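Novice: Before I ask anything, here is the structure I am working with.
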Amino acid sequence: MDWQGQKLAEQLMQIMLLAFAVVAFATGYITASFQTMIQIYAAGVVLTTLITIPNWPFFNRNPLKWLDPSEADKHPKPQVQPVSSSKKKSAKK
């Protein structure tokens, strides 16, 4: 799954869970049944899971282009420079 696919999966998950929560609450309120509300929401969670967790092809529309190992060796990693404290300490009076 590429970066754009992860973003799409996250957005789909949020929208679907919210939609199922609203539908479940409204149905449970109208029918005065807590059990019906929980069943509808649980079905929504299962459906959302089946859509967003597997690595479906539409989540891989923007694949990353990796460097070949030989090309990566030509570009060494930058070295981390130690941070030196250049602040002057103020003298206490």
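We label chains A, B, ... in the order they appear in the structure tokens, count residues from 1 in each chain, and number ligands from 1 in the order shown.
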Could you name the residues that touch Thr49 in chain A at 12 Å or less, counting only C-alpha atoms, but leaving out those on the same chain fewer than 5 positions away, as a list in words?
Specialist: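 The contact residues come out as Ala9, Glu10, Leu12, Met13, Gln14, Met16, Leu17, Ala42, Ala43, Gly44, Pro54 and Asn55 of chain A.
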Novice: Write out as CSV the residues of range 18-71 of chain A that have any atom within 12 Å of an atom of range 75-80 of chain A, one row each with the nearest atom pair and its distance in Å to one decimal, counting only C-alpha atoms, sorted by chain and then rising number.
Specialist:
```
residue,atom,partner,partner_atom,distance
A:Leu67,CA,A:His75,CA,10.2
A:Asp68,CA,A:His75,CA,11.2
A:Pro69,CA,A:His75,CA,10.3
A:Ser70,CA,A:His75,CA,9.5
A:Glu71,CA,A:His75,CA,7.1
```
Novice: Using Å and a single decimal, report how far CA of Val45 in chain A sits from CA of Ala21 in chain A.
Specialist: 9.4 Å
Novice: Just the residues within 10 Å of Phe59 in chain A, please, counting only C-alpha atoms, with nothing from its chain fewer than 6 positions along; format it as a PDB file with N, CA, C and O atoms, in the first residue's frame.
Specialist:
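Contents of selection_18.pdb, freshly written:
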```pdb
ATOM      1  N   MET A   1       0.858  -1.172   0.000  1.00  0.00           N
ATOM      2  CA  MET A   1       0.000   0.000   0.000  1.00  0.00           C
ATOM      3  C   MET A   1       0.906   1.238   0.000  1.00  0.00           C
ATOM      4  O   MET A   1       1.825   1.327   0.796  1.00  0.00           O
ATOM      5  N   ASP A   2       0.640   2.156  -0.904  1.00  0.00           N
ATOM      6  CA  ASP A   2       1.466   3.353  -0.974  1.00  0.00           C
ATOM      7  C   ASP A   2       0.915   4.436  -0.035  1.00  0.00           C
ATOM      8  O   ASP A   2      -0.089   4.246   0.647  1.00  0.00           O
ATOM      9  N   TRP A   3       1.618   5.580   0.001  1.00  0.00           N
ATOM     10  CA  TRP A   3       1.238   6.649   0.936  1.00  0.00           C
ATOM     11  C   TRP A   3      -0.154   7.184   0.634  1.00  0.00           C
ATOM     12  O   TRP A   3      -0.947   7.419   1.555  1.00  0.00           O
ATOM     13  N   GLN A   4      -0.459   7.398  -0.630  1.00  0.00           N
ATOM     14  CA  GLN A   4      -1.778   7.903  -1.000  1.00  0.00           C
ATOM     15  C   GLN A   4      -2.850   6.859  -0.672  1.00  0.00           C
ATOM     16  O   GLN A   4      -3.966   7.194  -0.277  1.00  0.00           O
ATOM     17  N   GLY A   5      -2.516   5.581  -0.836  1.00  0.00           N
ATOM     18  CA  GLY A   5      -3.438   4.504  -0.494  1.00  0.00           C
ATOM     19  C   GLY A   5      -3.730   4.464   0.997  1.00  0.00           C
ATOM     20  O   GLY A   5      -4.856   4.198   1.418  1.00  0.00           O
ATOM     21  N   GLN A   6      -2.714   4.719   1.815  1.00  0.00           N
ATOM     22  CA  GLN A   6      -2.921   4.763   3.262  1.00  0.00           C
ATOM     23  C   GLN A   6      -3.851   5.916   3.639  1.00  0.00           C
ATOM     24  O   GLN A   6      -4.726   5.765   4.491  1.00  0.00           O
ATOM     25  N   LYS A   7      -3.657   7.043   2.981  1.00  0.00           N
ATOM     26  CA  LYS A   7      -4.508   8.204   3.250  1.00  0.00           C
ATOM     27  C   LYS A   7      -5.945   7.901   2.843  1.00  0.00           C
ATOM     28  O   LYS A   7      -6.892   8.206   3.585  1.00  0.00           O
ATOM     29  N   LEU A   8      -6.125   7.273   1.675  1.00  0.00           N
ATOM     30  CA  LEU A   8      -7.459   6.911   1.206  1.00  0.00           C
ATOM     31  C   LEU A   8      -8.118   5.911   2.153  1.00  0.00           C
ATOM     32  O   LEU A   8      -9.298   6.037   2.487  1.00  0.00           O
ATOM     33  N   ALA A   9      -7.363   4.916   2.608  1.00  0.00           N
ATOM     34  CA  ALA A   9      -7.902   3.913   3.531  1.00  0.00           C
ATOM     35  C   ALA A   9      -8.345   4.569   4.837  1.00  0.00           C
ATOM     36  O   ALA A   9      -9.412   4.239   5.383  1.00  0.00           O
ATOM     37  N   THR A  52     -11.057  -1.707   4.139  1.00  0.00           N
ATOM     38  CA  THR A  52      -9.876  -0.870   4.353  1.00  0.00           C
ATOM     39  C   THR A  52      -8.592  -1.616   4.736  1.00  0.00           C
ATOM     40  O   THR A  52      -7.504  -1.105   4.497  1.00  0.00           O
TER      41      THR A  52
END
```
